Amino acid sequence: MYSIVSSSSVRLALRSSSLRSLSTANLNDPASSPNPQSILTDQIQLPNVERLNSFKERQLGIPGLISNPTLNDLWFHQLSTKLLDFKDYISQSTHNDYSDCFTINNDLQSNEISNKVINQYKNLLEKMSKKFDDNDSPLFDLTASIYNLFYFFSSIKASNSNEIKKLSANDLLTFIPNLTNNKPLDSNFIHLINKSFGSIEEFLTLFNDSANSIKGNGYTYLVYKHIENSKVFSKLGHLSILNVYNNGIPHTFTSKRVSNGKEFEKKKNQLNNSNNNSFIPSMDDAEAMNNLDFTFIPLVSIGSNPSFYLRDYGVYGKKLYINNAINSIDWDVVVSRIPSK
């Protein structure tokens, strides 16, 4: 008899062995000083969502949203693979020290973010945004992908009223979304929704349309936009919906990465005596954002990547999947992420 081992399993084993060897080599070599990056790899954790662990144990998938194989792939398998990649990049990034990003801030308000571990990934994204380093672009993308996955899967609960099925082309033409099964109940949050969008119905419609408008990979975020530490402008806080594509994230500090990246490319072109256009497009809006004090706090995201819905809903099932995702949002989790006045 022969056992079949998948290529991904081999890749995971090789990476684990490589990281262990690196750590052991540093410990066994008395002449070598401790490498902060190598020590850091032992401290890095994945964001944990207990509800998803419970679904996995019962092999339920997320009832009303995705099947068990899809959940295992998108959350558990992909995160494990991303963590090994992440540690690889951190270990090899000898020109930048990111160890300060992975210290838990015990003063962080629990309602600012639902999992302190994910805040470490935000710290890393923010630090990388302050100085553009082309060598760390893969690390930035990998960190952002983990960050986006968390805000989607950590905000979802089971919804028995949803139906998971594959749609045909004819079904797509006649499909009408039903977004009334799962409305928020918190009175303060409802007031904030009405203030920001006019009504719950308008909010849910815009959220649904924005998620369906994404072509390819991306996330639709609901964010709380406010000015930090400002009593004068505290009433300006409101909700916004925005789409991010590929490994974009919903934070204004990334605009600095764009402007720093433009400067980086400009200097590179000068060294090459070239007047070619930068590979980073001109973004006046991003530069203008640097002058604002608005902060975006992510509350929930809906993942629109084809890998999220193709297996369970088919080629024509995106609209049904988005409908089910919105009807599966745990609004209590969303409300808990809004900072107190």
# chains A, B, ... in the order shown; residues from 1 in each chain; ligands from 1

call {"tool": "closest_atom_pairs", "arguments": {"of": "stretch 115-152 of chain A", "to": "stretch 56-74 of chain A", "cutoff": "12 Å", "atoms": "only C-alpha atoms", "output": "JSON lines"}}
result
{"residue": "A:Ser145", "atom": "CA", "partner": "A:Leu74", "partner_atom": "CA", "distance": 11.3}
{"residue": "A:Ile146", "atom": "CA", "partner": "A:Leu74", "partner_atom": "CA", "distance": 10.7}
{"residue": "A:Asn148", "atom": "CA", "partner": "A:Leu74", "partner_atom": "CA", "distance": 11.9}
{"residue": "A:Leu149", "atom": "CA", "partner": "A:Leu74", "partner_atom": "CA", "distance": 8.5}
{"residue": "A:Phe150", "atom": "CA", "partner": "A:Leu74", "partner_atom": "CA", "distance": 10.8}
{"residue": "A:Phe152", "atom": "CA", "partner": "A:Leu74", "partner_atom": "CA", "distance": 11.0}

call {"tool": "write_last_selection", "arguments": {"atoms": "C-alpha atoms", "output": "compact mmCIF listing (two decimals), in the first residue's frame"}}
result
# COMPACT_ATOMS: atom_id res chain seq x y z
CA SER A 145 -4.71 38.88 3.85
CA ILE A 146 -4.75 37.48 7.41
CA ASN A 148 -9.06 40.73 6.14
CA LEU A 149 -9.90 37.07 6.74
CA PHE A 150 -10.26 37.75 10.46
CA PHE A 152 -14.90 38.44 7.85

call {"tool": "atom_distance", "arguments": {"atom1": "atom CA of A:Ile118", "atom2": "atom CA of A:Pro298"}}
result
11.7 Å

call {"tool": "residues_around", "arguments": {"residues": "A:Lys122", "least_positions_apart": "2", "cutoff": "10 Å", "atoms": "only C-alpha atoms", "output": "PyMOL selection string"}}
result
chain A and resi 101-102+117-120+124-128+143-144+147+249+251

call {"tool": "closest_residue", "arguments": {"among": "A:Lys116, A:Lys319, A:Arg311, A:Lys225", "to": "A:Ile176", "atoms": "only C-alpha atoms"}}
result
A:Lys319

call {"tool": "atom_distance", "arguments": {"atom1": "atom CA of A:Thr205", "atom2": "atom CA of A:Phe296"}}
result
21.5 Å

call {"tool": "residues_around", "arguments": {"residues": "A:Val315", "least_positions_apart": "2", "cutoff": "12 Å", "atoms": "only C-alpha atoms", "output": "compact mmCIF listing (two decimals) with C-alpha atoms, in the first residue's frame"}}
result
# COMPACT_ATOMS: atom_id res chain seq x y z
CA LYS A 165 -27.47 25.88 -2.96
CA LYS A 166 -26.01 26.26 -6.42
CA LEU A 167 -27.88 28.58 -8.74
CA SER A 168 -28.36 28.33 -12.47
CA ALA A 169 -28.14 31.18 -14.97
CA ASP A 171 -31.94 31.66 -11.11
CA LEU A 172 -29.48 34.54 -11.31
CA PRO A 306 -14.63 33.57 -5.75
CA SER A 307 -13.01 30.96 -3.49
CA PHE A 308 -15.57 31.89 -0.82
CA TYR A 309 -18.61 30.92 -2.84
CA LEU A 310 -17.79 28.88 -5.97
CA ARG A 311 -17.72 25.47 -4.26
CA ASP A 312 -21.02 25.88 -2.41
CA TYR A 313 -22.98 28.24 -4.66
CA GLY A 317 -24.33 31.93 -6.86
CA LYS A 318 -22.49 35.07 -5.77
CA LYS A 319 -25.66 37.07 -5.11
CA LEU A 320 -27.13 34.33 -2.93
CA TYR A 321 -23.82 33.97 -1.08

call {"tool": "closest_residue", "arguments": {"among": "A:Asn324, A:Thr254, A:Ser196, A:Ser137", "to": "A:Ser161", "atoms": "only C-alpha atoms"}}
result
A:Asn324

call {"tool": "atom_distance", "arguments": {"atom1": "atom CA of A:Gln78", "atom2": "atom CA of A:Asn243"}}
result
22.3 Å

call {"tool": "closest_residue", "arguments": {"among": "A:Trp75, A:Phe175, A:Phe189, A:Phe203", "to": "A:Ile338", "atoms": "only C-alpha atoms"}}
result
A:Phe189

call {"tool": "residues_around", "arguments": {"residues": "A:Ile302", "least_positions_apart": "5", "cutoff": "8 Å", "atoms": "only C-alpha atoms", "output": "JSON, numbers by chain"}}
result
{"A": [152, 211, 219, 220, 221, 322, 325, 326]}

call {"tool": "write_last_selection", "arguments": {"atoms": "N, CA, C and O atoms", "output": "mmCIF file, in the first residue's frame"}}
result
data_model
loop_
_atom_site.group_PDB
_atom_site.id
_atom_site.type_symbol
_atom_site.label_atom_id
_atom_site.label_comp_id
_atom_site.auth_asym_id
_atom_site.auth_seq_id
_atom_site.Cartn_x
_atom_site.Cartn_y
_atom_site.Cartn_z
ATOM 1 N N PHE A 152 -13.750 39.119 8.452
ATOM 2 C CA PHE A 152 -14.898 38.439 7.852
ATOM 3 C C PHE A 152 -15.375 37.304 8.757
ATOM 4 O O PHE A 152 -16.513 37.297 9.238
ATOM 5 N N ALA A 211 -20.890 44.870 -2.063
ATOM 6 C CA ALA A 211 -20.226 43.564 -2.071
ATOM 7 C C ALA A 211 -20.372 42.883 -3.420
ATOM 8 O O ALA A 211 -19.432 42.264 -3.934
ATOM 9 N N TYR A 219 -12.918 42.737 -0.418
ATOM 10 C CA TYR A 219 -13.783 42.727 0.759
ATOM 11 C C TYR A 219 -14.573 44.025 0.809
ATOM 12 O O TYR A 219 -14.071 45.088 0.416
ATOM 13 N N THR A 220 -15.789 43.925 1.297
ATOM 14 C CA THR A 220 -16.602 45.107 1.553
ATOM 15 C C THR A 220 -16.663 45.316 3.056
ATOM 16 O O THR A 220 -17.129 44.446 3.794
ATOM 17 N N TYR A 221 -16.179 46.467 3.512
ATOM 18 C CA TYR A 221 -16.077 46.766 4.943
ATOM 19 C C TYR A 221 -17.139 47.764 5.380
ATOM 20 O O TYR A 221 -17.462 48.716 4.658
ATOM 21 N N ILE A 322 -23.683 36.430 -1.036
ATOM 22 C CA ILE A 322 -23.605 37.740 -0.387
ATOM 23 C C ILE A 322 -24.828 37.961 0.491
ATOM 24 O O ILE A 322 -24.736 38.454 1.626
ATOM 25 N N ALA A 325 -24.346 35.904 3.566
ATOM 26 C CA ALA A 325 -23.281 36.444 4.424
ATOM 27 C C ALA A 325 -23.793 37.607 5.262
ATOM 28 O O ALA A 325 -23.525 37.686 6.475
ATOM 29 N N ILE A 326 -24.532 38.517 4.641
ATOM 30 C CA ILE A 326 -25.074 39.659 5.388
ATOM 31 C C ILE A 326 -26.083 39.181 6.430
ATOM 32 O O ILE A 326 -26.131 39.693 7.557
#

call {"tool": "closest_residue", "arguments": {"among": "A:Val49, A:Val335, A:Leu142, A:Ile329", "to": "A:Phe86", "atoms": "only C-alpha atoms"}}
result
A:Leu142

call {"tool": "select_by_dssp", "arguments": {"residues": "stretch 42-134 of chain A", "states": "helix (DSSP H, G or I)", "output": "ChimeraX atom specification"}}
result
/A:50-57,68-92,99-102,116-130,134

call {"tool": "select_by_dssp", "arguments": {"residues": "stretch 30-235 of chain A", "states": "strand (DSSP E or B)", "output": "list in words"}}
result
Ile62, Ile66, Ile156, Gly218, Tyr219, Thr220, Tyr221, Leu222, Val223, Tyr224, Lys225, His226 and Ile227 of chain A

call {"tool": "write_last_selection", "arguments": {"atoms": "N, CA and C atoms", "output": "CSV table (one decimal), in the first residue's frame"}}
result
chain,number,residue,atom,x,y,z
A,62,ILE,N,-20.1,26.7,8.4
A,62,ILE,CA,-20.8,27.7,9.1
A,62,ILE,C,-22.3,27.6,8.6
A,66,ILE,N,-21.4,28.5,4.6
A,66,ILE,CA,-20.5,27.7,3.8
A,66,ILE,C,-20.4,26.3,4.4
A,156,ILE,N,-19.1,36.4,11.8
A,156,ILE,CA,-20.2,35.6,11.3
A,156,ILE,C,-20.7,34.6,12.3
A,218,GLY,N,-11.7,40.7,-3.2
A,218,GLY,CA,-11.9,41.9,-2.4
A,218,GLY,C,-12.8,41.7,-1.2
A,219,TYR,N,-12.9,42.7,-0.4
A,219,TYR,CA,-13.8,42.7,0.8
A,219,TYR,C,-14.6,44.0,0.8
A,220,THR,N,-15.8,43.9,1.3
A,220,THR,CA,-16.6,45.1,1.6
A,220,THR,C,-16.7,45.3,3.1
A,221,TYR,N,-16.2,46.5,3.5
A,221,TYR,CA,-16.1,46.8,4.9
A,221,TYR,C,-17.1,47.8,5.4
A,222,LEU,N,-17.7,47.5,6.6
A,222,LEU,CA,-18.4,48.6,7.3
A,222,LEU,C,-17.4,49.1,8.3
A,223,VAL,N,-17.1,50.4,8.3
A,223,VAL,CA,-16.1,51.0,9.2
A,223,VAL,C,-16.8,52.1,10.0
A,224,TYR,N,-16.2,52.4,11.2
A,224,TYR,CA,-16.6,53.6,11.9
A,224,TYR,C,-15.5,54.6,11.7
A,225,LYS,N,-16.0,55.7,11.1
A,225,LYS,CA,-15.0,56.8,10.8
A,225,LYS,C,-15.2,57.9,11.8
A,226,HIS,N,-14.1,58.3,12.5
A,226,HIS,CA,-14.1,59.3,13.5
A,226,HIS,C,-12.8,60.0,13.6
A,227,ILE,N,-12.8,61.0,14.5
A,227,ILE,CA,-11.5,61.7,14.8
A,227,ILE,C,-11.1,61.3,16.2
